Structures are given as C-alpha cells and as structure tokens.
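So this block is protein02.txt, compact mmCIF, C-alpha atoms and all ligand atoms:
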# COMPACT_ATOMS: atom_id res chain seq x y z
CA MET L 1 96.63 119.91 77.63
CA LEU L 2 99.31 117.78 76.01
CA GLU L 3 98.43 116.35 72.63
CA PRO L 4 98.40 112.59 73.06
CA ASP L 5 101.15 110.96 71.04
CA MET L 6 100.32 107.32 71.48
CA ASN L 7 103.16 106.14 69.29
CA ALA L 8 105.66 107.82 71.60
CA LEU L 9 104.42 106.00 74.70
CA PRO L 10 107.15 104.29 76.66
CA ASP L 11 106.92 100.55 77.08
CA ALA L 12 105.96 99.04 80.38
CA ALA L 13 109.20 97.14 80.15
CA SER L 14 112.91 97.52 79.49
CA PRO L 15 113.78 99.99 76.77
CA SER L 16 115.36 97.61 74.28
CA GLY L 17 114.31 94.68 72.11
CA PRO L 18 111.11 94.06 70.19
CA PRO L 19 107.92 93.55 72.21
CA LEU L 20 106.94 90.01 73.09
CA PHE L 21 103.36 90.98 73.87
CA GLU L 22 101.50 94.08 72.75
CA LEU L 23 98.03 95.33 73.46
CA LEU L 24 97.00 97.99 70.97
CA ASP L 25 94.03 100.15 71.99
CA VAL L 26 92.22 97.16 73.43
CA GLU L 27 88.59 97.48 74.39
CA LYS L 28 86.54 94.70 75.92
CA ILE L 29 82.84 95.22 76.41
CA TYR L 30 80.80 92.56 78.15
CA GLN L 31 77.06 92.50 77.52
CA VAL L 32 75.39 92.27 80.90
CA GLY L 33 71.69 91.82 81.68
CA VAL L 34 69.89 94.61 83.54
CA ARG L 35 66.71 94.14 85.60
CA SER L 36 64.38 96.26 87.57
CA GLY L 37 63.19 94.10 90.39
CA LEU L 38 62.49 90.71 88.90
CA VAL L 39 61.90 92.06 85.40
CA ALA L 40 64.67 91.68 82.79
CA ARG L 41 65.31 94.99 80.98
CA GLY L 42 67.64 93.81 78.24
CA HIS L 43 71.41 94.16 78.02
CA VAL L 44 73.91 96.98 78.39
CA GLY L 45 77.61 97.11 77.58
CA LEU L 46 80.11 97.02 80.45
CA ALA L 47 83.53 98.31 79.41
CA ALA L 48 85.96 96.10 81.32
CA LEU L 49 88.86 97.44 79.22
CA ASP L 50 88.95 100.73 77.38
CA GLY L 51 91.80 101.97 75.16
CA VAL L 52 94.43 99.78 76.82
CA ARG L 53 97.94 99.93 75.37
CA LEU L 54 100.67 97.82 76.90
CA SER L 55 103.95 96.50 75.62
CA ILE L 56 105.96 93.78 77.33
CA ARG L 57 109.50 93.21 76.14
CA ARG L 58 111.49 90.00 76.29
CA GLY L 59 113.29 89.54 79.59
CA SER L 60 111.35 92.27 81.39
CA SER L 61 109.34 91.94 84.59
CA VAL L 62 106.05 93.83 84.60
CA ALA L 63 103.53 94.10 87.43
CA LEU L 64 99.89 94.88 86.71
CA VAL L 65 98.35 96.46 89.78
CA GLY L 66 94.80 97.57 90.50
CA GLU L 67 91.84 97.18 92.81
CA SER L 68 89.34 94.42 92.40
CA GLY L 69 87.18 95.01 89.31
CA SER L 70 89.74 97.26 87.57
CA GLY L 71 90.04 94.80 84.66
CA LYS L 72 93.25 92.88 85.46
CA SER L 73 91.81 89.43 84.78
CA THR L 74 90.13 90.61 81.59
CA LEU L 75 93.41 92.12 80.38
CA LEU L 76 95.15 88.83 81.14
CA ARG L 77 92.53 86.84 79.24
CA VAL L 78 92.87 89.11 76.22
CA LEU L 79 96.68 88.97 76.42
CA LEU L 80 96.59 85.16 76.45
CA GLY L 81 94.05 84.96 73.62
CA LEU L 82 91.37 83.46 75.87
CA THR L 83 89.00 86.37 75.29
CA GLU L 84 88.56 88.20 72.01
CA PRO L 85 88.74 92.00 72.44
CA THR L 86 85.76 93.98 71.17
CA GLN L 87 88.20 96.46 69.60
CA GLY L 88 91.96 96.61 69.23
CA LEU L 89 94.61 93.96 68.95
CA ALA L 90 96.54 91.60 71.19
CA LEU L 91 99.84 90.54 69.60
CA TYR L 92 102.45 87.96 70.56
CA ARG L 93 105.73 88.26 68.67
CA GLY L 94 103.92 90.58 66.27
CA GLN L 95 101.14 88.07 65.43
CA PRO L 96 97.52 88.10 66.66
CA VAL L 97 97.59 86.11 69.85
CA ALA L 98 94.40 84.19 69.00
CA ARG L 99 96.08 82.93 65.81
CA MET L 100 99.23 81.97 67.74
CA ARG L 101 97.15 80.08 70.29
CA ALA L 102 95.16 78.27 67.61
CA GLY L 103 98.20 77.62 65.45
CA GLY L 104 99.94 74.89 67.40
CA GLN L 105 101.92 74.02 70.48
CA ASP L 106 104.47 76.83 70.38
CA PHE L 107 102.37 79.39 72.22
CA ALA L 108 101.30 76.90 74.91
CA ARG L 109 104.93 75.88 75.44
CA GLU L 110 106.39 79.36 75.43
CA VAL L 111 103.81 81.10 77.64
CA ALA L 112 103.37 79.43 81.02
CA MET L 113 100.75 80.42 83.55
CA VAL L 114 100.62 80.19 87.33
CA TYR L 115 97.03 80.59 88.46
CA GLN L 116 95.77 82.28 91.60
CA ASP L 117 93.96 79.08 92.52
CA ALA L 118 97.06 76.89 92.18
CA ARG L 119 95.49 73.95 94.01
CA GLY L 120 92.42 74.02 91.75
CA SER L 121 94.67 74.09 88.67
CA LEU L 122 96.36 70.77 89.62
CA ASN L 123 94.73 67.41 88.95
CA PRO L 124 94.20 65.97 92.46
CA ARG L 125 94.56 62.39 91.13
CA MET L 126 98.10 62.95 89.89
CA SER L 127 101.16 62.83 92.15
CA VAL L 128 103.51 65.80 92.22
CA GLY L 129 106.03 63.83 90.15
CA GLU L 130 103.39 63.06 87.51
CA LEU L 131 102.18 66.67 87.50
CA VAL L 132 105.66 68.03 86.82
CA ALA L 133 106.52 65.28 84.33
CA GLU L 134 103.35 65.82 82.30
CA PRO L 135 104.48 68.97 80.41
CA LEU L 136 107.95 67.44 79.91
CA ARG L 137 106.30 64.55 78.04
CA HIS L 138 103.55 66.59 76.40
CA PHE L 139 105.99 69.03 74.80
CA ALA L 140 108.71 66.38 74.33
CA ILE L 141 111.14 68.60 76.26
CA CYS L 142 113.55 65.73 76.85
CA PRO L 143 113.90 62.06 75.86
CA PRO L 144 111.55 59.78 77.88
CA GLU L 145 114.45 58.23 79.79
CA GLU L 146 115.44 61.69 81.12
CA VAL L 147 111.99 62.69 82.37
CA ALA L 148 112.47 61.40 85.92
CA ALA L 149 115.80 63.18 86.41
CA ARG L 150 114.45 66.38 84.86
CA THR L 151 111.42 66.24 87.18
CA GLN L 152 113.68 65.96 90.23
CA ASP L 153 115.76 68.85 88.92
CA LEU L 154 112.65 71.04 88.57
CA LEU L 155 111.46 70.16 92.07
CA ALA L 156 114.89 71.06 93.46
CA ARG L 157 114.88 74.31 91.52
CA VAL L 158 111.66 75.43 93.25
CA GLY L 159 112.94 74.31 96.66
CA LEU L 160 110.98 71.06 97.07
CA ALA L 161 112.56 67.90 98.50
CA ALA L 162 112.76 64.84 96.23
CA ASP L 163 110.27 62.85 98.35
CA VAL L 164 107.51 65.39 97.60
CA ALA L 165 107.28 63.78 94.13
CA ALA L 166 105.32 60.86 95.56
CA ARG L 167 102.73 63.03 97.33
CA TYR L 168 99.37 64.25 96.03
CA PRO L 169 98.24 67.91 96.03
CA SER L 170 95.84 67.32 98.93
CA ALA L 171 98.83 66.43 101.16
CA LEU L 172 100.69 69.68 100.42
CA SER L 173 100.69 73.08 102.16
CA GLY L 174 99.59 76.22 100.29
CA GLY L 175 103.22 77.23 99.72
CA GLN L 176 104.19 73.77 98.43
CA VAL L 177 101.24 73.77 96.03
CA ARG L 178 102.39 77.10 94.57
CA ARG L 179 105.91 75.69 94.18
CA VAL L 180 104.55 72.67 92.31
CA ALA L 181 102.55 75.01 90.05
CA ILE L 182 105.73 77.00 89.36
CA ALA L 183 107.78 73.82 88.69
CA ARG L 184 105.08 72.66 86.28
CA ALA L 185 105.06 76.04 84.56
CA LEU L 186 108.85 75.97 84.19
CA ALA L 187 108.89 72.42 82.82
CA SER L 188 108.18 73.55 79.26
CA ASN L 189 111.17 75.97 79.26
CA PRO L 190 108.84 78.93 78.75
CA SER L 191 109.90 82.37 77.53
CA VAL L 192 107.15 84.02 79.55
CA LEU L 193 105.74 83.32 82.97
CA VAL L 194 102.37 84.89 83.64
CA ALA L 195 101.29 84.78 87.25
CA ASP L 196 97.93 85.88 88.63
CA GLU L 197 98.14 86.75 92.35
CA ALA L 198 100.62 83.88 92.69
CA VAL L 199 101.61 84.66 96.29
CA SER L 200 98.39 86.07 97.72
CA GLY L 201 96.73 84.35 100.64
CA LEU L 202 100.00 82.88 101.94
CA ASP L 203 101.73 83.75 105.21
CA VAL L 204 104.41 86.42 105.00
CA SER L 205 107.41 84.09 105.21
CA THR L 206 106.09 81.71 102.53
CA GLN L 207 105.30 84.75 100.38
CA ALA L 208 108.86 86.00 100.83
CA GLN L 209 110.32 82.60 99.89
CA LEU L 210 108.20 82.41 96.73
CA LEU L 211 109.01 85.99 95.75
CA ASN L 212 112.72 85.24 96.16
CA LEU L 213 112.29 82.13 94.06
CA LEU L 214 110.42 83.96 91.28
CA ARG L 215 112.94 86.79 91.26
CA LYS L 216 115.84 84.35 91.04
CA LEU L 217 114.15 82.36 88.26
CA GLN L 218 113.38 85.50 86.31
CA ARG L 219 116.94 86.79 86.60
CA ASP L 220 118.78 83.47 86.19
CA MET L 221 116.69 82.11 83.34
CA GLY L 222 115.92 85.40 81.60
CA ILE L 223 112.20 84.62 81.67
CA THR L 224 109.81 87.46 80.94
CA LEU L 225 107.54 87.88 83.95
CA PHE L 226 104.06 89.37 83.88
CA PHE L 227 102.72 89.47 87.39
CA ILE L 228 99.22 90.46 88.44
CA THR L 229 98.88 91.68 91.99
CA HIS L 230 96.97 94.13 94.15
CA ASP L 231 100.01 94.41 96.43
CA LEU L 232 102.45 97.26 95.74
CA GLY L 233 105.08 95.57 97.91
CA VAL L 234 105.00 92.46 95.74
CA ALA L 235 105.15 94.62 92.61
CA SER L 236 108.14 96.61 93.85
CA TYR L 237 110.06 93.56 95.02
CA LEU L 238 109.55 91.50 91.91
CA CYS L 239 109.06 93.75 88.90
CA GLU L 240 111.16 96.46 87.32
CA GLU L 241 108.13 97.94 85.57
CA ILE L 242 104.62 98.64 86.78
CA ALA L 243 101.28 99.34 85.08
CA ILE L 244 98.52 100.67 87.34
CA MET L 245 94.90 100.07 86.30
CA TYR L 246 91.76 101.89 87.29
CA LEU L 247 88.30 101.04 85.96
CA GLY L 248 89.40 99.48 82.69
CA ARG L 249 92.20 101.93 81.92
CA ILE L 250 95.94 101.89 82.51
CA VAL L 251 96.43 105.19 84.33
CA GLU L 252 100.19 105.08 84.96
CA THR L 253 103.17 103.05 83.75
CA GLY L 254 106.90 103.23 84.23
CA PRO L 255 109.85 101.91 86.24
CA THR L 256 108.37 100.56 89.48
CA ASN L 257 110.79 102.34 91.82
CA ALA L 258 110.28 105.73 90.15
CA VAL L 259 106.48 105.40 90.04
CA LEU L 260 106.17 104.32 93.65
CA ALA L 261 108.70 106.88 94.93
CA ALA L 262 106.81 109.76 93.28
CA PRO L 263 103.47 108.68 91.80
CA ALA L 264 102.23 111.01 89.06
CA HIS L 265 98.60 109.86 88.98
CA PRO L 266 96.48 110.75 92.02
CA TYR L 267 95.17 107.17 92.00
CA SER L 268 98.70 105.75 92.18
CA LEU L 269 99.41 108.20 95.00
CA ALA L 270 96.26 107.09 96.86
CA LEU L 271 97.27 103.43 96.44
CA ARG L 272 100.76 104.23 97.72
CA ARG L 273 99.38 106.14 100.71
CA ALA L 274 96.98 103.32 101.50
CA ALA L 275 99.94 100.96 101.86
CA PRO L 276 102.59 102.98 103.71
CA LYS L 277 104.39 99.82 104.75
CA PHE L 278 104.77 97.28 101.98
CA PHE L 279 103.80 93.69 102.75
CA GLU L 280 101.50 94.83 105.56
CA PRO L 281 97.73 95.18 105.43
CA ILE L 282 96.33 98.41 103.99
CA THR L 283 96.05 100.86 106.87
CA GLU L 284 94.10 103.63 105.23
CA PRO L 285 91.20 102.94 102.87
CA LEU L 286 91.19 104.70 99.52
CA PRO L 287 88.87 107.71 99.58
CA GLY L 288 85.37 107.25 98.10
CA GLU L 289 83.77 104.32 96.33
CA ILE L 290 84.92 102.88 93.02
CA PRO L 291 82.15 103.81 90.52
CA SER L 292 80.20 101.13 88.69
CA PRO L 293 81.63 100.41 85.23
CA LEU L 294 77.98 100.60 84.09
CA ASP L 295 77.74 104.20 85.26
CA LEU L 296 81.10 105.82 84.59
CA PRO L 297 81.57 109.46 85.59
CA LYS L 298 81.91 112.02 82.83
CA GLY L 299 85.51 113.05 82.21
CA CYS L 300 88.23 111.34 84.23
CA ARG L 301 87.05 108.10 85.83
CA PHE L 302 88.93 108.93 89.02
CA SER L 303 87.58 112.50 89.30
CA GLY L 304 84.95 111.60 91.92
CA ARG L 305 87.62 110.26 94.29
CA CYS L 306 90.49 112.55 93.40
CA ALA L 307 91.91 114.95 95.99
CA PHE L 308 93.33 117.14 93.21
CA VAL L 309 90.28 117.32 90.93
CA GLN L 310 89.76 120.45 88.81
CA ASP L 311 86.96 121.49 86.46
CA ASP L 312 88.56 120.12 83.29
CA CYS L 313 88.88 116.68 84.93
CA ARG L 314 85.08 116.41 84.99
CA ALA L 315 84.83 117.53 81.37
CA SER L 316 87.31 115.35 79.47
CA ASP L 317 88.82 111.93 80.02
CA PRO L 318 92.63 112.06 79.98
CA VAL L 319 94.57 109.54 77.90
CA LEU L 320 97.95 108.01 78.70
CA VAL L 321 100.73 110.37 77.59
CA PRO L 322 104.52 110.24 78.08
CA HIS L 323 105.67 111.68 81.40
CA GLY L 324 109.45 111.52 81.04
CA GLN L 325 112.02 108.89 82.01
CA GLY L 326 110.08 105.96 80.59
CA ARG L 327 106.89 106.90 82.40
CA ALA L 328 103.38 107.62 81.15
CA VAL L 329 100.34 108.97 82.96
CA ALA L 330 96.68 109.54 82.14
CA CYS L 331 95.96 112.67 84.16
CA HIS L 332 95.29 116.34 83.30
CA HIS L 333 97.17 117.48 86.44
CA PRO L 334 99.84 114.95 87.44
CA VAL L 335 100.89 115.29 91.06
CA SER L 336 104.62 114.91 90.41
N1 LIG S 1 82.35 87.45 81.91
C1 LIG S 1 81.98 88.65 82.34
N2 LIG S 1 80.74 89.12 82.05
C2 LIG S 1 80.35 90.34 82.47
N3 LIG S 1 81.13 91.18 83.20
C3 LIG S 1 82.37 90.76 83.51
C4 LIG S 1 82.85 89.48 83.11
N4 LIG S 1 84.12 89.33 83.57
C5 LIG S 1 84.42 90.49 84.24
N5 LIG S 1 83.37 91.34 84.20
C6 LIG S 1 83.32 92.68 84.77
O1 LIG S 1 84.40 93.42 84.20
C7 LIG S 1 85.01 94.26 85.17
C8 LIG S 1 86.49 93.91 85.29
O2 LIG S 1 86.55 92.61 85.88
P1 LIG S 1 87.94 91.81 86.06
O3 LIG S 1 87.61 90.48 86.65
O4 LIG S 1 88.70 91.85 84.80
O5 LIG S 1 88.67 92.73 87.17
P2 LIG S 1 89.90 92.35 88.14
O6 LIG S 1 90.70 93.60 88.29
O7 LIG S 1 90.59 91.15 87.64
O8 LIG S 1 89.17 92.01 89.49
P3 LIG S 1 89.64 90.92 90.64
O9 LIG S 1 90.94 91.45 91.19
O10 LIG S 1 88.50 90.98 91.60
O11 LIG S 1 89.77 89.60 89.93
C9 LIG S 1 84.23 94.07 86.46
O12 LIG S 1 83.25 95.11 86.55
C10 LIG S 1 83.56 92.72 86.27
O13 LIG S 1 82.33 92.66 86.99
Go through the file and emit its structure as structure tokens.
Ligand SMILES: Nc1ncnc2c1ncn2[C@@H]1O[C@H](COP(=O)(O)OP(=O)(O)OP(=O)(O)O)[C@@H](O)[C@H]1O
Amino acid sequence: MLEPDMNALPDAASPSGPPLFELLDVEKIYQVGVRSGLVARGHVGLAALDGVRLSIRRGSSVALVGESGSGKSTLLRVLLGLTEPTQGLALYRGQPVARMRAGGQDFAREVAMVYQDARGSLNPRMSVGELVAEPLRHFAICPPEEVAARTQDLLARVGLAADVAARYPSALSGGQVRRVAIARALASNPSVLVADEAVSGLDVSTQAQLLNLLRKLQRDMGITLFFITHDLGVASYLCEEIAIMYLGRIVETGPTNAVLAAPAHPYSLALRRAAPKFFEPITEPLPGEIPSPLDLPKGCRFSGRCAFVQDDCRASDPVLVPHGQGRAVACHHPVS
C-alpha cells in the first residue's frame, strides 16, 4: 500500500496561488442520544466528518458532491466557521476561520452564501430592491446616492428586469428568487461565493439559465466558487475541480473532467454509473445501503457496497493519497 503523504496532496482547485480556504484533518463528532424503546441510553459520538483535508484556491471553482448524509452541510458549516470542528483546523487566508468571522465585517463581506432554501433566506417583508440594496448599505459598498443605480445594475447582471425591484419574494417564481439571492450575494463584491444546492428543485431550463449565469459570473468576476451539489451534471458544467464525499470522508478529488471520465474510486464510479446522462434523473440506484455513521464498517467505509472489494479493504481504512495529474483517491485498489 502507498505510504500516505498528506503534505503532497493536490489541491481541489487550480494549481497556483495560496489557498483561500483550507481544512486540515477536520473531524466533527456530534453527540447524539441513543434509546432502546422509550428509554434513553445516553449519548454516542457520530462522526459527520473524519480526517477531511480540502484546499480551495482563489479563483477556482470546486464542487462538493455526495449522497445525502455524507457530511456536505457539516463541511460547509465548518468551512464558514459556523460549527467548531472537534479536531483539526479550518483556515481562511491562513487564519482560523472562527477568528476571521468574529473579527469584523471583512469575512462577512468577502464570503457570500446562496442558500438551498433561497426563499426562506429572504425577508418576505422587504421588496427585491430593498433586499439587494441592504448589503450595499450595510457594507458601505458605494455612496448612498449610488445605491439605487447599483441595485438596478445587480438585478440586470442576474437577468432580472428593472420592475422586479418593486416586487416582494412571495410574488416571484423559484428561478427569480434564486436570482435575487445571487444578486444579494454579489452586492458585497465577494471574493468567494458558496452555494448549497443553489439550482436544485428547479425545472431544467431555469437550472440551465442559472448555471450559465453562475459560470459567467465566476469567469467574468474571478470569484472563487464552492458549490455543493448531489448532481454530477451540475458539478461538471460549473466546476473545474470536484471533491467526492462518502460517509464523512473525501474519497476522491481532482479536475472534474478527468475524475468523471475515469473515476478512480469505486464510489465515484458507482455515482457516475447511476447518472449515465447528466441533468436527468438517476436511472440506476447505487448498490447496497449507505451504512449508519453510528455503525461504520471496519476498514473502508465503502467496502460493503463496493463491487471491487478485496480482503484488505475490510481490514484497513484507506486515506486520501495522490493519484497523479492533480488527483487524489482514498482506495486500496483504485479502478483507474
Ligand atoms: N446537529 C447535528 N446533530 C447530530 N447529528 C447531525 C447533526 N447535523 C448532521 N448530523 C448527522 O451528520 C451526518 C452528516 O450530515 P450532513 O447534514 O452534514 O450531510 P449532508 O451530506 O449535507 O446531507 P444532505 O445532503 O441530506 O443535507 C448525518 O448522519 C447527519 O444525521
């Protein structure tokens, strides 16, 4: 087996420039109550993240992909300093992210978020114009007399007509609400846009419009994009780099096209096979059940579902090691 050389791991991002965000061996254990029947039996630790290393460089676009329960939201919360890791470090520009968040407005201005529940994230009592103007005023992005023009400019940039400014979120379609959320996120001139399932639940043509918009914004404005999705099609369209999660671990990273063309981890291969046509519903379910994070299998977490499992897979848990050409994989027997 290869000796793990964690320092030599490639970044899940472009090869140059210092990292903007870094997760260093992050572990997050939640204490969850256990019961038998109606009787409480104390607490056990649930490892939502285990030994996660991820580096996101300025100007890169990185997709985080995984099934429900794999730990994507927890990773995001740790990355944004909303949850303290049990072990390891989350850094932004080389500083602990919790300190950056607590230390003033810079972090809030530089790192913008588009939530999965975009409608729920917007104050229903504010008009679209007020919603987009709010961060302009809050962060003093422009002089007060320029706020109205800047608001119109932002609405135009996300493809919304000027008259939408007078409407309230309840009067908007799902696609329009996402556009407002993106305009609001862009208002602070962020360096990073973090989006959690930002196009899921929309019809295919609205999804395509929003993906085009995000791709254009990322390329034109040089914004770093960190995009959480369970959709490989979205990941491949939008992001140059991909990180695939399984049960609290990143199991494969690298350039999206290379990883999806020839997945090295059997889990990545299973995901790819389950979605033979991107942007269409999964046609073939993944084999087996995802194990409970409270009862992890010995050895590799994927061993119980893996078509290529061998004896050593059930004995020791593989760590992420370099796999050539900017890729890394956590597998004793990579499939490519
Ligand atoms: N606050 C919490 N307390 C206890 N367990 C939690 C908590 N938040 C998440 N978990 C557990 O941690 C694991 C990872 O959850 P997480 O929400 O990060 O996954 P996810 O990949 O984002 O899933 P989804 O795509 O469904 O949002 C799951 O087993 C989940 O039940």
Quiz item: Which of these, L:Asn189, L:Gln310, L:Ser292, L:Ser55, has the shortest distance to Leu89 (chain L) once you count only C-alpha atoms?
Solution: L:Ser55
Practice problem: Would you mind reading off the distance between CA of Gly326 (chain L) and CA of Pro18 (chain L), one decimal, in Å? | Solution: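 Between CA of Gly326 (chain L) and CA of Pro18 (chain L) the gap works out to 15.8 Å.
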Exercise. Output the neighbourhood of ligand LIG 1 (chain S) as a PyMOL selection string, that is, all protein and nucleic acid residues with some atom at most 6 Å from the ligand, counting all atoms listed in the file.
Key: chain L and resi 30+32+48+67-74+293
Quiz item: Pick the closest to Arg301 (chain L) from L:Met221, L:Val78, L:Gly201, L:Asp50: which is it, counting all atoms listed in the file?
Solution: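 Of the candidates, the smallest distance to Arg301 (chain L) is held by L:Asp50.
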Quiz prompt | Shell around region 260-273 of chain L at 8 Å using all atoms listed in the file, local window under 2 positions removed, as a list in words | solution =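 What passes the distance filter is Leu232, Ser236, Ile244, Tyr246, Val251, Glu252, Thr256, Asn257, Ala258, Ala275, Pro276, Glu284, Leu286, Pro287, Phe302, Cys306, Ala307, Phe308, Val329, Ala330, Cys331, Pro334, Val335 and Ser336 of chain L.
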Exercise. Excluding Leu49 (chain L) and residues on its chain fewer than 3 positions from it, collect all residues at most 8 Å away from it, counting all atoms listed in the file, and give them as number ranges by chain.
Key: L: 26-29, 52, 71, 74-75, 247-249
Quiz item: What is the distance between CA of Val180 (chain L) and CA of Ala208 (chain L), in Å to one decimal?
Solution: 16.4 Å
